[in-house]
$ cat start_31.cif   # mmCIF, N, CA and C atoms
data_protein
#
loop_
_atom_site.label_atom_id
_atom_site.label_comp_id
_atom_site.auth_asym_id
_atom_site.auth_seq_id
_atom_site.Cartn_x
_atom_site.Cartn_y
_atom_site.Cartn_z
N MET P 120 -35.92 6.16 28.30
CA MET P 120 -35.85 5.60 29.64
C MET P 120 -34.41 5.15 29.97
N LEU P 121 -33.79 4.42 29.05
CA LEU P 121 -32.42 3.95 29.26
C LEU P 121 -31.46 5.13 29.40
N LYS P 122 -31.69 6.18 28.61
CA LYS P 122 -30.83 7.37 28.68
C LYS P 122 -30.92 8.01 30.07
N GLN P 123 -32.11 8.07 30.64
CA GLN P 123 -32.27 8.66 31.97
C GLN P 123 -31.57 7.82 33.03
N VAL P 124 -31.64 6.50 32.92
CA VAL P 124 -30.97 5.61 33.87
C VAL P 124 -29.46 5.80 33.78
N LEU P 125 -28.93 5.85 32.55
CA LEU P 125 -27.49 6.04 32.36
C LEU P 125 -27.04 7.41 32.87
N ALA P 126 -27.83 8.43 32.61
CA ALA P 126 -27.49 9.78 33.07
C ALA P 126 -27.47 9.84 34.58
N SER P 127 -28.45 9.22 35.25
CA SER P 127 -28.46 9.26 36.72
C SER P 127 -27.31 8.44 37.30
N ALA P 128 -26.97 7.31 36.67
CA ALA P 128 -25.82 6.53 37.12
C ALA P 128 -24.54 7.32 36.95
N PHE P 129 -24.46 8.07 35.85
CA PHE P 129 -23.29 8.88 35.57
C PHE P 129 -23.14 10.00 36.59
N ILE P 130 -24.23 10.62 36.98
CA ILE P 130 -24.20 11.68 37.98
C ILE P 130 -23.73 11.12 39.32
N ILE P 131 -24.19 9.94 39.67
CA ILE P 131 -23.77 9.30 40.92
C ILE P 131 -22.26 9.04 40.89
N GLN P 132 -21.75 8.57 39.76
CA GLN P 132 -20.30 8.32 39.64
C GLN P 132 -19.51 9.62 39.80
N ARG P 133 -19.99 10.70 39.22
CA ARG P 133 -19.30 11.99 39.34
C ARG P 133 -19.31 12.49 40.78
N ILE P 134 -20.41 12.31 41.48
CA ILE P 134 -20.50 12.72 42.88
C ILE P 134 -19.54 11.89 43.73
N LYS P 135 -19.49 10.57 43.47
CA LYS P 135 -18.54 9.71 44.19
C LYS P 135 -17.11 10.17 43.95
N ALA P 136 -16.80 10.50 42.72
CA ALA P 136 -15.45 10.96 42.38
C ALA P 136 -15.12 12.26 43.10
N PHE P 137 -16.06 13.19 43.11
CA PHE P 137 -15.85 14.48 43.76
C PHE P 137 -15.61 14.32 45.26
N ILE P 138 -16.44 13.55 45.92
CA ILE P 138 -16.29 13.34 47.37
C ILE P 138 -14.96 12.65 47.68
N THR P 139 -14.60 11.67 46.89
CA THR P 139 -13.33 10.97 47.09
C THR P 139 -12.16 11.93 46.93
N ASP P 140 -12.19 12.78 45.90
CA ASP P 140 -11.11 13.74 45.69
C ASP P 140 -11.03 14.77 46.82
N ILE P 141 -12.15 15.17 47.33
CA ILE P 141 -12.14 16.12 48.46
C ILE P 141 -11.42 15.49 49.65
N PHE P 142 -11.74 14.24 49.94
CA PHE P 142 -11.12 13.58 51.09
C PHE P 142 -9.67 13.20 50.85
N MET P 143 -9.32 12.81 49.64
CA MET P 143 -7.96 12.34 49.38
C MET P 143 -6.98 13.46 49.00
N ILE P 144 -7.48 14.55 48.44
CA ILE P 144 -6.59 15.63 48.00
C ILE P 144 -6.77 16.89 48.85
N TYR P 145 -7.98 17.39 48.93
CA TYR P 145 -8.21 18.69 49.56
C TYR P 145 -8.07 18.65 51.08
N THR P 146 -8.60 17.62 51.72
CA THR P 146 -8.53 17.53 53.18
C THR P 146 -7.09 17.50 53.69
N PRO P 147 -6.20 16.70 53.10
CA PRO P 147 -4.80 16.75 53.57
C PRO P 147 -4.15 18.13 53.38
N ILE P 148 -4.48 18.81 52.28
CA ILE P 148 -3.95 20.16 52.07
C ILE P 148 -4.41 21.09 53.20
N LEU P 149 -5.69 21.04 53.51
CA LEU P 149 -6.23 21.88 54.58
C LEU P 149 -5.60 21.53 55.93
N TYR P 150 -5.43 20.25 56.19
CA TYR P 150 -4.86 19.81 57.47
C TYR P 150 -3.42 20.29 57.62
N ILE P 151 -2.62 20.12 56.58
CA ILE P 151 -1.22 20.55 56.62
C ILE P 151 -1.13 22.06 56.79
N MET P 152 -1.94 22.79 56.04
CA MET P 152 -1.92 24.26 56.15
C MET P 152 -2.35 24.71 57.54
N THR P 153 -3.38 24.09 58.09
CA THR P 153 -3.92 24.52 59.37
C THR P 153 -3.01 24.19 60.54
N TYR P 154 -2.49 22.97 60.59
CA TYR P 154 -1.79 22.53 61.79
C TYR P 154 -0.27 22.49 61.68
N PHE P 155 0.29 22.49 60.47
CA PHE P 155 1.74 22.47 60.34
C PHE P 155 2.32 23.81 59.89
N ILE P 156 1.57 24.54 59.09
CA ILE P 156 2.08 25.82 58.59
C ILE P 156 1.56 26.98 59.44
N LEU P 157 0.27 26.96 59.74
CA LEU P 157 -0.32 28.01 60.59
C LEU P 157 -0.45 27.50 62.03
N ASP P 158 -0.98 28.33 62.89
CA ASP P 158 -1.06 27.99 64.31
C ASP P 158 -2.36 27.30 64.73
N GLY P 159 -3.17 26.89 63.82
CA GLY P 159 -4.41 26.21 64.18
C GLY P 159 -5.60 26.75 63.41
N ALA P 160 -6.77 26.28 63.79
CA ALA P 160 -8.00 26.59 63.06
C ALA P 160 -8.33 28.08 63.07
N LYS P 161 -8.17 28.72 64.19
CA LYS P 161 -8.49 30.17 64.26
C LYS P 161 -7.59 30.96 63.33
N SER P 162 -6.34 30.62 63.30
CA SER P 162 -5.38 31.31 62.42
C SER P 162 -5.73 31.07 60.95
N PHE P 163 -6.11 29.83 60.64
CA PHE P 163 -6.48 29.49 59.26
C PHE P 163 -7.74 30.24 58.82
N GLN P 164 -8.75 30.26 59.68
CA GLN P 164 -10.02 30.90 59.34
C GLN P 164 -9.88 32.40 59.10
N SER P 165 -8.94 33.01 59.75
CA SER P 165 -8.78 34.45 59.58
C SER P 165 -7.78 34.82 58.48
N ASN P 166 -7.18 33.83 57.84
CA ASN P 166 -6.17 34.07 56.81
C ASN P 166 -6.74 33.73 55.43
N GLN P 167 -7.30 34.72 54.76
CA GLN P 167 -7.91 34.48 53.45
C GLN P 167 -6.88 34.04 52.40
N GLY P 168 -5.65 34.51 52.55
CA GLY P 168 -4.59 34.10 51.63
C GLY P 168 -4.31 32.62 51.72
N ALA P 169 -4.31 32.07 52.93
CA ALA P 169 -4.08 30.64 53.13
C ALA P 169 -5.22 29.82 52.55
N ILE P 170 -6.43 30.29 52.73
CA ILE P 170 -7.60 29.59 52.18
C ILE P 170 -7.52 29.57 50.66
N PHE P 171 -7.19 30.70 50.06
CA PHE P 171 -7.06 30.78 48.60
C PHE P 171 -5.92 29.90 48.11
N LEU P 172 -4.80 29.90 48.81
CA LEU P 172 -3.65 29.07 48.44
C LEU P 172 -4.01 27.58 48.47
N CYS P 173 -4.75 27.15 49.48
CA CYS P 173 -5.19 25.75 49.55
C CYS P 173 -6.08 25.40 48.36
N PHE P 174 -6.98 26.30 48.02
CA PHE P 174 -7.88 26.07 46.90
C PHE P 174 -7.12 25.97 45.58
N ILE P 175 -6.17 26.88 45.37
CA ILE P 175 -5.37 26.86 44.14
C ILE P 175 -4.49 25.61 44.10
N LEU P 176 -3.92 25.23 45.23
CA LEU P 176 -3.11 24.02 45.28
C LEU P 176 -3.94 22.79 44.95
N TYR P 177 -5.16 22.75 45.44
CA TYR P 177 -6.08 21.66 45.08
C TYR P 177 -6.31 21.64 43.57
N GLY P 178 -6.51 22.80 42.97
CA GLY P 178 -6.69 22.88 41.52
C GLY P 178 -5.47 22.43 40.74
N VAL P 179 -4.29 22.81 41.21
CA VAL P 179 -3.05 22.42 40.55
C VAL P 179 -2.86 20.90 40.62
N ILE P 180 -3.08 20.33 41.78
CA ILE P 180 -2.93 18.88 41.94
C ILE P 180 -3.95 18.14 41.09
N THR P 181 -5.19 18.58 41.12
CA THR P 181 -6.24 17.95 40.31
C THR P 181 -5.92 18.06 38.82
N ALA P 182 -5.50 19.23 38.38
CA ALA P 182 -5.15 19.42 36.97
C ALA P 182 -3.96 18.55 36.59
N SER P 183 -3.02 18.39 37.51
CA SER P 183 -1.86 17.52 37.24
C SER P 183 -2.29 16.08 37.04
N PHE P 184 -3.16 15.59 37.90
CA PHE P 184 -3.67 14.23 37.75
C PHE P 184 -4.41 14.07 36.41
N LEU P 185 -5.28 15.02 36.10
CA LEU P 185 -6.09 14.91 34.88
C LEU P 185 -5.23 14.99 33.62
N SER P 186 -4.21 15.83 33.63
CA SER P 186 -3.37 15.95 32.43
C SER P 186 -2.42 14.77 32.28
N ALA P 187 -2.02 14.16 33.39
CA ALA P 187 -1.09 13.04 33.31
C ALA P 187 -1.79 11.70 33.06
N LYS P 188 -2.86 11.45 33.77
CA LYS P 188 -3.50 10.12 33.73
C LYS P 188 -4.96 10.13 33.28
N MET P 189 -5.51 11.29 33.00
CA MET P 189 -6.93 11.46 32.64
C MET P 189 -7.87 11.12 33.80
N GLN P 190 -7.31 10.94 35.00
CA GLN P 190 -8.10 10.60 36.17
C GLN P 190 -7.48 11.17 37.42
N THR P 191 -8.33 11.59 38.33
CA THR P 191 -7.90 11.88 39.69
C THR P 191 -8.12 10.59 40.48
N PRO P 192 -7.68 10.52 41.73
CA PRO P 192 -7.99 9.31 42.52
C PRO P 192 -9.49 9.02 42.59
N GLY P 193 -10.29 10.07 42.70
CA GLY P 193 -11.75 9.89 42.73
C GLY P 193 -12.29 9.38 41.41
N PHE P 194 -11.77 9.88 40.30
CA PHE P 194 -12.20 9.41 38.99
C PHE P 194 -11.84 7.93 38.84
N LYS P 195 -10.66 7.56 39.31
CA LYS P 195 -10.23 6.16 39.21
C LYS P 195 -11.17 5.27 40.02
N TYR P 196 -11.50 5.70 41.23
CA TYR P 196 -12.42 4.95 42.08
C TYR P 196 -13.79 4.82 41.41
N ALA P 197 -14.27 5.90 40.81
CA ALA P 197 -15.59 5.89 40.17
C ALA P 197 -15.56 5.31 38.76
N GLN P 198 -14.36 4.95 38.28
CA GLN P 198 -14.16 4.36 36.95
C GLN P 198 -14.63 5.27 35.83
N ILE P 199 -14.26 6.56 35.95
CA ILE P 199 -14.53 7.52 34.89
C ILE P 199 -13.23 8.22 34.53
N ARG P 200 -13.19 8.85 33.37
CA ARG P 200 -12.00 9.57 32.96
C ARG P 200 -12.38 10.81 32.17
N LEU P 201 -11.44 11.74 32.09
CA LEU P 201 -11.66 13.00 31.39
C LEU P 201 -10.83 13.03 30.12
N THR P 202 -11.47 13.36 29.00
CA THR P 202 -10.78 13.49 27.73
C THR P 202 -11.33 14.70 26.99
N ASN P 203 -10.68 15.04 25.88
CA ASN P 203 -11.28 16.03 25.00
C ASN P 203 -12.31 15.29 24.14
N HIS P 204 -12.97 15.98 23.24
CA HIS P 204 -14.03 15.34 22.45
C HIS P 204 -13.51 14.28 21.48
N GLN P 205 -12.20 14.30 21.21
CA GLN P 205 -11.61 13.29 20.34
C GLN P 205 -11.13 12.07 21.14
N GLY P 206 -11.29 12.09 22.45
CA GLY P 206 -10.89 10.97 23.29
C GLY P 206 -9.44 11.00 23.72
N LYS P 207 -8.77 12.14 23.56
CA LYS P 207 -7.35 12.25 23.90
C LYS P 207 -7.18 13.01 25.22
N LYS P 208 -5.98 12.88 25.79
CA LYS P 208 -5.64 13.59 27.03
C LYS P 208 -5.71 15.10 26.80
N ILE P 209 -5.99 15.81 27.87
CA ILE P 209 -5.91 17.26 27.82
C ILE P 209 -4.63 17.69 28.54
N GLY P 210 -4.16 18.88 28.24
CA GLY P 210 -2.95 19.39 28.88
C GLY P 210 -3.24 20.00 30.24
N PHE P 211 -2.15 20.33 30.94
CA PHE P 211 -2.27 20.89 32.29
C PHE P 211 -3.03 22.22 32.29
N ILE P 212 -2.67 23.12 31.37
CA ILE P 212 -3.32 24.44 31.32
C ILE P 212 -4.81 24.27 31.04
N HIS P 213 -5.14 23.37 30.13
CA HIS P 213 -6.54 23.09 29.80
C HIS P 213 -7.28 22.56 31.03
N ALA P 214 -6.66 21.64 31.75
CA ALA P 214 -7.29 21.06 32.94
C ALA P 214 -7.43 22.10 34.05
N PHE P 215 -6.42 22.96 34.20
CA PHE P 215 -6.50 23.99 35.25
C PHE P 215 -7.56 25.04 34.89
N LEU P 216 -7.65 25.40 33.63
CA LEU P 216 -8.69 26.33 33.18
C LEU P 216 -10.07 25.73 33.44
N ARG P 217 -10.22 24.45 33.19
CA ARG P 217 -11.48 23.75 33.47
C ARG P 217 -11.81 23.84 34.95
N PHE P 218 -10.81 23.70 35.81
CA PHE P 218 -11.01 23.81 37.26
C PHE P 218 -11.49 25.21 37.64
N ILE P 219 -10.86 26.23 37.07
CA ILE P 219 -11.25 27.62 37.37
C ILE P 219 -12.69 27.87 36.91
N ILE P 220 -13.02 27.42 35.71
CA ILE P 220 -14.40 27.60 35.21
C ILE P 220 -15.38 26.83 36.08
N TRP P 221 -15.00 25.63 36.51
CA TRP P 221 -15.86 24.86 37.41
C TRP P 221 -16.12 25.63 38.70
N SER P 222 -15.06 26.18 39.29
CA SER P 222 -15.24 26.90 40.55
C SER P 222 -16.12 28.13 40.39
N LEU P 223 -15.96 28.85 39.30
CA LEU P 223 -16.81 30.03 39.07
C LEU P 223 -18.26 29.63 38.80
N SER P 224 -18.46 28.59 37.99
CA SER P 224 -19.83 28.19 37.67
C SER P 224 -20.55 27.63 38.89
N MET P 225 -19.84 26.95 39.77
CA MET P 225 -20.47 26.43 40.98
C MET P 225 -20.71 27.55 42.00
N THR P 226 -19.87 28.56 41.98
CA THR P 226 -20.06 29.69 42.88
C THR P 226 -21.38 30.39 42.60
N PHE P 227 -21.69 30.54 41.33
CA PHE P 227 -22.92 31.23 40.94
C PHE P 227 -24.08 30.28 40.68
N LEU P 228 -23.91 29.00 40.99
CA LEU P 228 -24.91 27.94 40.84
C LEU P 228 -25.33 27.67 39.40
N ILE P 229 -24.74 28.35 38.44
CA ILE P 229 -25.04 28.08 37.03
C ILE P 229 -24.59 26.66 36.70
N GLY P 230 -23.41 26.31 37.18
CA GLY P 230 -22.85 25.00 36.89
C GLY P 230 -23.66 23.86 37.46
N PHE P 231 -24.34 24.11 38.56
CA PHE P 231 -25.14 23.06 39.18
C PHE P 231 -26.37 22.72 38.33
N PHE P 232 -27.00 23.74 37.75
CA PHE P 232 -28.24 23.53 37.01
C PHE P 232 -28.03 23.29 35.51
N PHE P 233 -26.87 23.64 34.98
CA PHE P 233 -26.61 23.56 33.55
C PHE P 233 -26.86 22.16 32.95
N PRO P 234 -26.42 21.07 33.60
CA PRO P 234 -26.64 19.74 32.99
C PRO P 234 -28.11 19.38 32.78
N PHE P 235 -28.99 19.99 33.55
CA PHE P 235 -30.40 19.66 33.43
C PHE P 235 -31.08 20.37 32.25
N PHE P 236 -30.38 21.32 31.63
CA PHE P 236 -30.98 22.11 30.56
C PHE P 236 -30.27 21.98 29.22
N ASN P 237 -29.42 21.00 29.05
CA ASN P 237 -28.84 20.76 27.73
C ASN P 237 -29.03 19.30 27.33
N LYS P 238 -28.95 19.02 26.06
CA LYS P 238 -29.29 17.70 25.54
C LYS P 238 -28.31 16.61 25.98
N LYS P 239 -27.03 16.95 26.09
CA LYS P 239 -26.02 15.95 26.43
C LYS P 239 -25.77 15.80 27.93
N ASN P 240 -26.50 16.55 28.74
CA ASN P 240 -26.32 16.55 30.19
C ASN P 240 -24.88 16.91 30.59
N GLU P 241 -24.24 17.77 29.81
CA GLU P 241 -22.88 18.21 30.09
C GLU P 241 -22.88 19.29 31.17
N CYS P 242 -21.84 19.29 31.96
CA CYS P 242 -21.65 20.38 32.91
C CYS P 242 -21.11 21.60 32.15
N LEU P 243 -21.31 22.77 32.70
CA LEU P 243 -20.90 24.00 32.03
C LEU P 243 -19.40 24.03 31.76
N HIS P 244 -18.60 23.62 32.73
CA HIS P 244 -17.15 23.64 32.54
C HIS P 244 -16.70 22.66 31.46
N ASP P 245 -17.38 21.54 31.33
CA ASP P 245 -17.05 20.60 30.25
C ASP P 245 -17.50 21.15 28.90
N TYR P 246 -18.63 21.82 28.88
CA TYR P 246 -19.14 22.42 27.64
C TYR P 246 -18.20 23.52 27.14
N ILE P 247 -17.78 24.40 28.03
CA ILE P 247 -16.90 25.51 27.64
C ILE P 247 -15.52 25.01 27.23
N CYS P 248 -14.99 24.05 27.98
CA CYS P 248 -13.62 23.56 27.72
C CYS P 248 -13.56 22.45 26.68
N LYS P 249 -14.71 22.06 26.15
CA LYS P 249 -14.79 21.00 25.15
C LYS P 249 -14.15 19.70 25.64
N THR P 250 -14.52 19.32 26.87
CA THR P 250 -14.07 18.07 27.44
C THR P 250 -15.28 17.19 27.71
N LYS P 251 -15.01 15.92 27.95
CA LYS P 251 -16.11 15.03 28.30
C LYS P 251 -15.61 14.02 29.32
N ILE P 252 -16.52 13.58 30.13
CA ILE P 252 -16.23 12.54 31.10
C ILE P 252 -16.95 11.29 30.63
N SER P 253 -16.21 10.20 30.59
CA SER P 253 -16.78 8.95 30.11
C SER P 253 -16.38 7.82 31.05
N PHE P 254 -17.10 6.72 30.94
CA PHE P 254 -16.76 5.55 31.74
C PHE P 254 -15.43 4.99 31.25
N GLN P 255 -14.62 4.52 32.19
CA GLN P 255 -13.31 3.98 31.87
C GLN P 255 -13.46 2.69 31.07
N LYS P 256 -12.60 2.51 30.12
CA LYS P 256 -12.64 1.28 29.30
C LYS P 256 -11.83 0.18 29.92
#
$ encode --input "start_31.cif" --output "structure tokens"
Amino acid sequence: MLKQVLASAFIIQRIKAFITDIFMIYTPILYIMTYFILDGAKSFQSNQGAIFLCFILYGVITASFLSAKMQTPGFKYAQIRLTNHQGKKIGFIHAFLRFIIWSLSMTFLIGFFFPFFNKKNECLHDYICKTKISFQK
């Protein structure tokens, strides 16, 4: 029973972190690309290269935060952090690879359902990259 309560609280913290990161990191990237670099929303929507560039830039910024501080702004707000299984920081390449695996697993919905079918309730990208998210000390 306690494990289920902790797991659900942990999922809520991860969702809070994700939403916060979207608003604090991804939204400004989209806004700058749409209104300062391109000619507006119509131009952005028809430019697949710009959309991909924004997504990759979001991944680079997120990986930079995770490799430097073990937290993104959303992780800090939610009081969680990312480490390897030994509790140490991960490098930039490791964090960026985790982002790529996350994006692929969520695209195919495997990543969404994976935590419900393993004992540790790990996400697929954390399982593959041998990382873990824990509450901040």
$ closest_residue --input "start_31.cif" --among "P:Ser162, P:Gln132, P:Phe174, P:Gly210" --to "P:Ile148" --atoms "all atoms listed in the file"
P:Phe174
$ select_by_dssp --input "start_31.cif" --residues "stretch 169-249 of chain P" --states "helix (DSSP H, G or I)" --output "PyMOL selection string"
chain P and resi 169-188+192-197+211-226+229-236+243-248
$ select_by_dssp --input "start_31.cif" --residues "chain P" --states "strand (DSSP E)" --output "VMD selection string"
chain P and resid 199 to 203 250 to 254
$ atom_distance --input "start_31.cif" --atom1 "atom C of P:Phe184" --atom2 "atom CA of P:Ser224"
20.9 Å
$ atom_distance --input "start_31.cif" --atom1 "atom C of P:Tyr145" --atom2 "atom N of P:His204"
28.4 Å
$ axis_aligned_box --input "start_31.cif" --around "stretch 204-214 of chain P" --padding-each-side "4 Å" --output "lines of an AutoDock Vina configuration file"
center_x = -8.1
center_y = 17.7
center_z = 27.2
size_x = 19.9
size_y = 21.5
size_z = 21.7
$ closest_atom_pairs --input "start_31.cif" --of "stretch 121-179 of chain P" --to "stretch 186-195 of chain P" --cutoff "6 Å" --atoms "only N, CA and C atoms" --output "JSON lines"
{"residue": "P:Lys135", "atom": "C", "partner": "P:Gly193", "partner_atom": "CA", "distance": 5.5}
{"residue": "P:Ala136", "atom": "CA", "partner": "P:Gly193", "partner_atom": "C", "distance": 3.7}
{"residue": "P:Phe137", "atom": "N", "partner": "P:Gly193", "partner_atom": "CA", "distance": 5.4}
{"residue": "P:Thr139", "atom": "C", "partner": "P:Gly193", "partner_atom": "CA", "distance": 4.7}
{"residue": "P:Asp140", "atom": "N", "partner": "P:Gly193", "partner_atom": "CA", "distance": 4.3}
$ closest_residue --input "start_31.cif" --among "P:Ala214, P:Ile170, P:Ile131, P:Ala197" --to "P:Phe254" --atoms "all atoms listed in the file"
P:Ala197
$ atom_distance --input "start_31.cif" --atom1 "atom CA of P:Gln255" --atom2 "atom CA of P:Arg200"
5.8 Å
$ resolve_selection --input "start_31.cif" --expression "the PyMOL selection byres ((chain P and resi 234-249) around 6)" --output "PyMOL selection string"
chain P and resi 202-204+217+220-221+230-233+250-251
$ closest_residue --input "start_31.cif" --among "P:Met225, P:Gln205, P:Gly159, P:Met152" --to "P:Phe171" --atoms "only C-alpha atoms"
P:Met152
$ closest_residue --input "start_31.cif" --among "P:Ile252, P:Ile229, P:Ile144, P:Ala160" --to "P:Tyr177" --atoms "only N, CA and C atoms"
P:Ile144
$ closest_residue --input "start_31.cif" --among "P:Tyr196, P:Leu149, P:Asp158, P:His213" --to "P:Cys173" --atoms "only C-alpha atoms"
P:Leu149
